[in-house]
Each structure stands twice: as structure tokens, then as C-alpha cells.
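S.K.: Quick one: this structure, given as C-alpha cells, is what I'll be asking you about.
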Amino acid sequence: MAKEREREELHRTIWQIANDLRGSVDGWDFKSYVLGMLFYRFISENLTAYINKEEARTGNKDFNYAAIADAEAEFGRPDTVKEKGFYILPSELFVNVRKKAKTDENLNETLSRVFKHIEASAKGTESEDDLKGLFDDIDVNSNKLGGTVQRRNDQLRKILDAIGELKLGDYQENTIDAFGDAYEFLMTMYASSAGKSGGEFFTPQEVSELLAEITVVGKKQVNKVYDPACGSGSLLLKFAKVLGKENVRQGFYGQEVNITTYNLCRINMFLHDINYEKFDIAHGDTLLDPKHWDDEPFDAIVSNPPYSIKWEGDANPLLINDPRFSQAGVLAPKSKADLAFTLHMLHWLSTSGTAAIVEFPGVLYRGGAEQKIRKYLVDNNYIDAVIQLPPDLFFGTTIATCIVVLKKSKKDNATLFIDASAEFVRIGNKNKLTETYRKKILNAYIERKDVDHFAALVLNKDIADNDYNIAVSSYVEGENNTEVVDIQKLNAHIAEIVIKQNKLRIAIDEIVADLEGGSL
């Protein structure tokens with residue numbers, strides 16, 4: 001309960017900060033500044049805590065890195081960069097820049113210089129790619145902050161103070177994952193207010209958790225986890241919660257085509273205290289230019305790829321020879337890349353691994369090339385389960401999405417269908433998959449047996465007989481909530497009503513006759 005109270009207090013404070021700071025700046029744009037400063041504070045405190053701990057280990061228990069001179073700090077730069085991946089001089093730590101911000105007439109230039117120095121500290125090292133461009137979206141000279149340097153600096157001071165006042169506790173003593181939780185709450189809040197543009201960046205936490213749980217059933221640790229359309233990294237990071245980050249032995253891998261979201265994802269990794277050597281997030285188009293050929297296969301794959309986007313498809317004659325797509329014998333339609341992502345993930349899935357993918361419902365039943373790809377998946381026994389989710393769970397869309405679970409090594413030649421379309425509560429303007437409903441879905445997936453009106457285990461030959469339609473409604477019969485009516489009782493009741501009506505009419509006629517007789 002203490003953790004929940006701490007989390008609720010953190011959320012209330014962030015909400016107030018966001019409302020106070022937005023002003024004339026669009027909420028979704030302002031996200032970059034708030035999250036960027038949160039990141040700046042985190043890595044400052046993270047580095048300080050690390051160096052202080054190392055000094056205390058050698059007997060220097062009163063050492064405070066934030067209080068020493070830059071010249072003295074330079075001696076520790078090489079070893080610290082090797083371990084943490086970056087370096088920040090004491091004068092450029094968040095706490096010290098904020099302390100001088102009120103009297104710094106060139107605050108925008110100070111911050112710009114600090115951000116460049118942090119990024120430059122990783123140049124020529126293994127962490128260079130992980131740090132490069134992380135501060136690009138924090139444009140301290142943008143007119144969005146104000147029309148003059150003074151106004152921009154006033155706004156920057158407000159942001160520094162607001163983030164600095166957040167009660168995140170001592171870095172090493174947080175009872176909650178305060179920085180990571182603050183990030184996720186901010187993303188949820190901004191995605192909700194930004195509609196479709198925000199929803200592209202963030203998958204609701206409860207859905208992310210379900211996907212991660214599905215892929216690690218029966219496992220206490222995995223080698224590598226992967227998301228080919230990783231957005232801000234919320235799905236990947238659920239493995240840190242479900243398994244513990246130390247149980248993802250070789251790290252977190254992802255690719256993202258949107259540069260802003262790619263930066264957010266890397267920031268999110270740091271904010272969840274995933275060190276640079278434990279993640280590899282790449283920028284680029286996964287379908288046309290996948291970046292992790294040397295890292296596949298992956299034990300656990302989760303993804304919420306963009307729905308029915310356009311891609312080159314058969315307009316590019318080379319793609320049909322790509323080993324990710326060639327086995328299916330056909331490419332996903334140019335106007336609908338959904339199953340191209342699915343085939344990509346299947347190809348990069350380890351023999352003992354599991355992939356859980358949020359899909360647009362049309363892929364379950366549409367004809368043409370998509371039907372041929374489903375045939376390939378079903379005939380080769382790759383589809384482990386199809387889960388129908390409730391509508392209106394995701395930001396920016398009200399459609400009822402589904403989860404397709406893939407495996408290469410199954411114990412049966414059947415597919416499990418789960419109808420979770422009614423498993424939600426309405427909170428605000430969105431539906432929510434509560435913990436109770438999430439566990440119900442997960443338990444049905446684990447037990448893998450028929451449950452009236454909820455789950456059905458269907459032989460793959462029966463799916464073939466149904467033209468490879470894998471829509472859940474085709475196999476799980478909905479519950480009939482229509483009240484059963486006894487016709488004989490109903491007729492008897494109607495007859496009683498008719499008799500009463502006739503008696504009432506006679507009585508009314510008598511009253512009317514008496515009144516008319518009296519008037520004469």
C-alpha cells in the first residue's frame with residue numbers, strides 16, 4: 001500500500017506540473033521537454049550515486065561527487081565512461097545547473113552545452129550509439145518555448161524547478177521505480193490527450209504486461225527479448241517487471257522507424273536503469289532494413305506494430321527471396337503490411353521461443369495473399385493462440401484488436417482461441433484490462449482447454465476446413481443472454497390481462513352511463 005500511495009502522489013504531482021507548464025505549447029510537443037529534463041535529472045543522479053558508492057567502498061564515505069571541482073572529477077572520466085557509458089562533470093549535473101538557473105541569463109546556452117558534452121562523453125566508446133541524439137528533441141532555442149530568449153529561459157527554469165521538485169527520493173532508496181513510473185505516466189497522459197499521434201508511441205501498460213507474461217510462461221529467465229516496432233519501449237521493459245531485468249541475460253533489442261520515438265525508447269531504457277550494454281535499440285525500417293541480423297534468434301518477441309500500413313510488398317522483386325518472407329510463398333499486400341511484420345517475427349523467433357503480437361482484426365479473416373499466409377502459418381503449426389481483446393483499449397483507436405501468439409515447437413496440432421472481448425472495465429474515456437481480467441486470460445492460455453463461451457482448442461484441420469479463418473468468433477460461441485420464455489405461461493398471463501381489461505372496460509362504461517344519466 002505504501003508503494004501505491006507513493007505512486008499516486010507522484011502521478012498527482014506530474015499531472016499538476018504538466019498542466020502548469022503546457023501553456024501555449026501543445027501537450028504532445030511539450031512532452032519532449034518534460035521527459036528530456038526528467039532524463040537529464042535521472043542520469044545525473046544515477047551517475048552521482050554510482051561514483052559516491054564507489055568512493056564509499058574505498059573508505060571515503062563522506063564523498064559527494066556533486067560538490068567537487070570539475071578538474072578533480074576529470075581523473076575518473078575514463079573508468080566511469082567504460083562502466084556507465086557516459087560522463088557528466090559536477091558543474092553540469094542537473095542539481096548544480098538548476099541551482100544557478102535563476103541567475104543564469106544564458107540558461108538556454110548552458111543547457112545546450114551540457115547536453116552536447118554528455119553526448120560527446122560517449123564518442124569513440126561502445127556506448128556512442130546509445131547516447132547519440134538523445135537530447136535532439138529538447139530544443140532549448142525553440143519558439144515554442146517563447147518568442148524571446150528571456151521568455152524561453154523563464155520557461156526552461158520552470159521545467160527545471162518542476163522536475164527538480166518531483167519527489168523521486170534518493171536514487172538508491174526508491175521503493176517504486178520512480179523515474180520509470182514517472183515516464184510511463186507521462187507517456188500515458190500525453191498519449192491520451194494527443195489521440196492518434198500519441199497512441200503510436202505507447203501501448204497501455206496492462207496490455208504490455210499480458211504480452212510479456214504470455215511469452216515467458218514456464219520460464220524464469222530468457223536470453224534476449226525483441227520488439228521490431230518498439231515505439232517508446234514500453235513492451236520490452238515489461239520483461240524487466242515480469243522476470244526482473246537481471247533475468248533477461250543478454251538484453252533488450254528493438255527497432256523503431258520514427259526518430260523521435262527511437263530517442264524516447266533509448267531514454268526509457270536509461271530511466272528504467274537498463275545500462276547501455278544491456279540494450280540495443282536501432283533506428284530504421286524493420287521490414288526493408290532490419291538491423292539485428294547478427295543478434296537473432298530471440299527467445300521472446302512482443303510487438304504492437306502499426307496497423308495496415310503501406311509497404312513495398314511485391315513492388316520490390318527482391319523481397320520474395322528474403323528468408324523472412326520466402327517460406328510463405330507470398331508477400332503481404334502492399335496496402336497492408338501487418339502479416340509482413342508477423343512473418344519477420346516468426347523468422348527471428350528461437351526454436352523454443354514465443355512471440356505475442358497485437359494485430360489488426362482484419363488479418364484474421366481477409367482473403368487473397370493474407371489468407372495464403374495464414375494457410376502457411378496454420379499448416380506448419382506456428383499459431384499457438386489467438387486472443388480477441390476488448391474494443392477501445394488503445395490510444396487513438398476504438399477498434400477491438402487481437403493478440404496472435406506464435407511458437408515453433410508446440411506439443412499439439414491445434415490452436416487455442418480466447419474471447420476476451422467482454423473482459424474490461426470502463427475508466428474515463430477508455431476501456432481497461434484490469435489485473436483480474438489479465439490473469440483470467442493468462443490462465444486460460446496456460447491451461448489450454450475449452451471453457452464455455454470463453455476459450456476453445458481447435459484442431460488445425462478444422463481451421464483448414466474453415467478456409468483458414470482464424471477469427472475468434474468463428475470458434476468461441478458467444479453466450480446467449482436472451483431470457484428463456486415459457487410460451488404457455490406467457491399466453492396464460494396475456495389471457496388474464498385481457499380478462500382484466502374487459503372487466504375494466506365494463507366498469508368504465510357503467511361509470512360513464514351513470515354520469516350521462518345524472519346529467520339528464
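Residues in the C-alpha cells are named by chain (A, B, ... in the order shown) and by number from 1 within that chain; ligands are numbered from 1 in the order shown.
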Please provide the set of residues having any atom within 7 Å of region 278-291 of chain A, restricted to only C-alpha atoms, with same-chain residues fewer than 4 positions apart removed, written as a PyMOL selection string.

M.R.: chain A and resi 228+250-257+259+262+266+274+341

S.K.: Can I get the selected residues back with N, CA and C atoms, as an mmCIF file, in the first residue's frame?

M.R.:
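Contents of again.cif, as written:
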```
data_model
loop_
_atom_site.group_PDB
_atom_site.id
_atom_site.type_symbol
_atom_site.label_atom_id
_atom_site.label_comp_id
_atom_site.auth_asym_id
_atom_site.auth_seq_id
_atom_site.Cartn_x
_atom_site.Cartn_y
_atom_site.Cartn_z
ATOM 1 N N PRO A 228 10.247 -5.508 -32.924
ATOM 2 C CA PRO A 228 10.659 -4.897 -34.193
ATOM 3 C C PRO A 228 9.998 -3.555 -34.494
ATOM 4 N N GLN A 250 20.952 -11.464 -21.912
ATOM 5 C CA GLN A 250 21.751 -10.764 -22.922
ATOM 6 C C GLN A 250 21.121 -9.456 -23.381
ATOM 7 N N GLY A 251 19.956 -9.115 -22.845
ATOM 8 C CA GLY A 251 19.475 -7.768 -23.063
ATOM 9 C C GLY A 251 18.218 -7.587 -23.887
ATOM 10 N N PHE A 252 17.929 -6.298 -24.135
ATOM 11 C CA PHE A 252 16.695 -5.837 -24.755
ATOM 12 C C PHE A 252 17.012 -5.281 -26.149
ATOM 13 N N TYR A 253 16.328 -5.801 -27.170
ATOM 14 C CA TYR A 253 16.598 -5.407 -28.549
ATOM 15 C C TYR A 253 15.326 -4.871 -29.196
ATOM 16 N N GLY A 254 15.483 -3.828 -29.994
ATOM 17 C CA GLY A 254 14.318 -3.274 -30.681
ATOM 18 C C GLY A 254 14.717 -2.405 -31.847
ATOM 19 N N GLN A 255 13.745 -2.121 -32.713
ATOM 20 C CA GLN A 255 13.958 -1.225 -33.835
ATOM 21 C C GLN A 255 12.738 -0.334 -33.981
ATOM 22 N N GLU A 256 12.964 0.926 -34.358
ATOM 23 C CA GLU A 256 11.880 1.900 -34.492
ATOM 24 C C GLU A 256 12.179 2.839 -35.653
ATOM 25 N N VAL A 257 11.183 3.051 -36.501
ATOM 26 C CA VAL A 257 11.378 3.852 -37.706
ATOM 27 C C VAL A 257 11.261 5.359 -37.435
ATOM 28 N N ILE A 259 12.112 8.678 -35.661
ATOM 29 C CA ILE A 259 13.315 9.138 -34.957
ATOM 30 C C ILE A 259 12.996 9.658 -33.557
ATOM 31 N N TYR A 262 12.249 6.693 -31.402
ATOM 32 C CA TYR A 262 13.505 5.972 -31.216
ATOM 33 C C TYR A 262 14.297 6.601 -30.070
ATOM 34 N N ARG A 266 15.207 4.914 -26.158
ATOM 35 C CA ARG A 266 16.520 4.829 -25.517
ATOM 36 C C ARG A 266 16.520 5.552 -24.166
ATOM 37 N N ILE A 274 18.346 0.431 -17.197
ATOM 38 C CA ILE A 274 18.933 -0.595 -18.058
ATOM 39 C C ILE A 274 20.208 0.018 -18.628
ATOM 40 N N PHE A 341 5.098 -8.032 -40.863
ATOM 41 C CA PHE A 341 5.696 -7.966 -39.523
ATOM 42 C C PHE A 341 5.613 -9.324 -38.830
#
```

S.K.: Using backbone DSSP assignments, extract all strand (DSSP E) residues from region 111-260 of chain A; output them as a list in words.

M.R.: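 Put together, the selection reads Val222, Asn223, Lys224, Val225, Tyr226, Asp227, Val248, Arg249, Gln250, Gly251, Phe252, Tyr253, Gly254, Gln255 and Glu256 of chain A.
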
S.K.: Counting only C-alpha atoms, give me one row per residue of region 290-332 of chain A with an atom at most 12 Å from an atom of region 392-399 of chain A, showing the shortest contact pair and its distance in Å to one decimal, sorted by chain then residue number, as a tab-separated table.

M.R.:
```
residue	atom	partner	partner_atom	distance
A:Asn304	CA	A:Phe394	CA	10.4
A:Pro306	CA	A:Thr397	CA	11.7
A:Tyr307	CA	A:Thr397	CA	10.5
```

S.K.: Got time to write the residues from that selection, C-alpha atoms, as a compact mmCIF listing (two decimals), in the first residue's frame?

M.R.:
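Heads up, here's the output in part.txt:
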```txt
# COMPACT_ATOMS: atom_id res chain seq x y z
CA ASN A 304 2.28 -3.79 -31.37
CA PRO A 306 1.40 -0.19 -36.91
CA TYR A 307 -1.93 -1.38 -38.27
```

S.K.: What's the 10 Å shell around region 375-384 of chain A, counting only C-alpha atoms, without same-chain residues fewer than 5 positions away, as a ChimeraX atom specification?

M.R.: /A:327-330,342-343,346,354-356,369-370,404-417,445,448,457,459-461,463-464,467-470

S.K.: Go ahead and dump the residues you just picked, N, CA and C atoms, as a compact mmCIF listing (two decimals), in the first residue's frame.

M.R.:
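The result, written out as again32.txt:
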```
# COMPACT_ATOMS: atom_id res chain seq x y z
N GLN A 327 9.40 -18.37 -47.28
CA GLN A 327 8.80 -19.65 -46.92
C GLN A 327 7.28 -19.64 -47.10
N ALA A 328 6.66 -18.47 -46.92
CA ALA A 328 5.20 -18.38 -47.07
C ALA A 328 4.80 -18.40 -48.55
N GLY A 329 5.74 -18.11 -49.44
CA GLY A 329 5.47 -18.16 -50.88
C GLY A 329 4.70 -16.99 -51.42
N VAL A 330 4.39 -16.03 -50.57
CA VAL A 330 3.63 -14.85 -51.00
C VAL A 330 3.94 -13.71 -50.04
N THR A 342 4.48 -10.00 -38.99
CA THR A 342 4.28 -11.30 -38.35
C THR A 342 5.31 -12.30 -38.85
N LEU A 343 5.52 -12.36 -40.18
CA LEU A 343 6.49 -13.30 -40.75
C LEU A 343 7.92 -12.95 -40.34
N LEU A 346 8.29 -14.26 -36.82
CA LEU A 346 8.36 -15.72 -36.82
C LEU A 346 9.76 -16.19 -37.22
N THR A 354 8.66 -17.76 -27.90
CA THR A 354 7.25 -17.40 -28.09
C THR A 354 7.18 -15.94 -28.51
N ALA A 355 6.30 -15.66 -29.48
CA ALA A 355 6.05 -14.28 -29.91
C ALA A 355 4.59 -13.96 -29.65
N ALA A 356 4.33 -12.79 -29.10
CA ALA A 356 2.95 -12.31 -28.87
C ALA A 356 2.80 -10.97 -29.56
N ALA A 369 -3.74 -12.70 -50.49
CA ALA A 369 -2.40 -13.05 -50.00
C ALA A 369 -2.40 -13.33 -48.50
N GLU A 370 -3.23 -12.59 -47.77
CA GLU A 370 -3.26 -12.78 -46.32
C GLU A 370 -3.80 -14.17 -45.95
N VAL A 404 -2.02 -12.39 -31.54
CA VAL A 404 -1.66 -13.65 -32.18
C VAL A 404 -0.37 -14.14 -31.53
N VAL A 405 -0.40 -15.36 -31.01
CA VAL A 405 0.76 -15.95 -30.34
C VAL A 405 1.38 -17.00 -31.26
N LEU A 406 2.68 -16.87 -31.49
CA LEU A 406 3.40 -17.78 -32.38
C LEU A 406 4.39 -18.63 -31.60
N LYS A 407 4.51 -19.90 -32.02
CA LYS A 407 5.54 -20.80 -31.47
C LYS A 407 6.03 -21.70 -32.59
N LYS A 408 7.30 -22.12 -32.49
CA LYS A 408 7.85 -23.06 -33.46
C LYS A 408 7.85 -24.49 -32.95
N SER A 409 7.70 -24.66 -31.64
CA SER A 409 7.72 -26.00 -31.06
C SER A 409 6.50 -26.17 -30.16
N LYS A 410 5.41 -26.68 -30.74
CA LYS A 410 4.18 -26.89 -29.98
C LYS A 410 4.01 -28.37 -29.63
N LYS A 411 3.24 -28.63 -28.59
CA LYS A 411 3.01 -30.01 -28.15
C LYS A 411 1.75 -30.62 -28.77
N ASP A 412 0.94 -29.80 -29.43
CA ASP A 412 -0.26 -30.32 -30.08
C ASP A 412 -0.39 -29.71 -31.46
N ASN A 413 -1.32 -30.21 -32.22
CA ASN A 413 -1.55 -29.71 -33.58
C ASN A 413 -2.89 -28.97 -33.60
N ALA A 414 -3.00 -28.01 -32.69
CA ALA A 414 -4.25 -27.27 -32.52
C ALA A 414 -3.95 -25.82 -32.18
N THR A 415 -4.97 -25.00 -32.27
CA THR A 415 -4.85 -23.57 -31.97
C THR A 415 -5.87 -23.20 -30.90
N LEU A 416 -5.43 -22.44 -29.90
CA LEU A 416 -6.32 -22.00 -28.84
C LEU A 416 -6.93 -20.65 -29.19
N PHE A 417 -8.25 -20.55 -29.06
CA PHE A 417 -8.95 -19.28 -29.29
C PHE A 417 -9.56 -18.81 -27.97
N TYR A 445 -4.84 -19.20 -21.29
CA TYR A 445 -3.76 -19.50 -22.23
C TYR A 445 -2.90 -20.65 -21.71
N ARG A 448 -5.00 -24.08 -21.58
CA ARG A 448 -5.16 -24.55 -22.95
C ARG A 448 -6.27 -25.61 -23.09
N LEU A 457 -10.17 -24.93 -27.90
CA LEU A 457 -8.98 -25.51 -28.51
C LEU A 457 -9.42 -26.23 -29.79
N LEU A 459 -8.66 -28.06 -33.55
CA LEU A 459 -7.69 -28.76 -34.38
C LEU A 459 -7.39 -27.95 -35.64
N ASN A 460 -6.14 -27.94 -36.05
CA ASN A 460 -5.74 -27.16 -37.22
C ASN A 460 -6.46 -27.63 -38.50
N LYS A 461 -6.80 -28.91 -38.56
CA LYS A 461 -7.51 -29.40 -39.75
C LYS A 461 -8.91 -28.79 -39.83
N ILE A 463 -9.57 -25.75 -38.78
CA ILE A 463 -9.33 -24.38 -39.25
C ILE A 463 -9.13 -24.39 -40.76
N ALA A 464 -8.43 -25.40 -41.27
CA ALA A 464 -8.25 -25.53 -42.72
C ALA A 464 -9.59 -25.71 -43.42
N ASP A 467 -11.51 -22.55 -44.30
CA ASP A 467 -10.80 -21.62 -45.19
C ASP A 467 -9.74 -20.79 -44.47
N TYR A 468 -9.17 -21.35 -43.41
CA TYR A 468 -8.09 -20.70 -42.67
C TYR A 468 -8.51 -19.37 -42.05
N ASN A 469 -9.79 -19.28 -41.74
CA ASN A 469 -10.29 -18.14 -40.98
C ASN A 469 -9.92 -18.37 -39.52
N ILE A 470 -9.21 -17.42 -38.92
CA ILE A 470 -8.82 -17.59 -37.52
C ILE A 470 -9.43 -16.52 -36.62
```
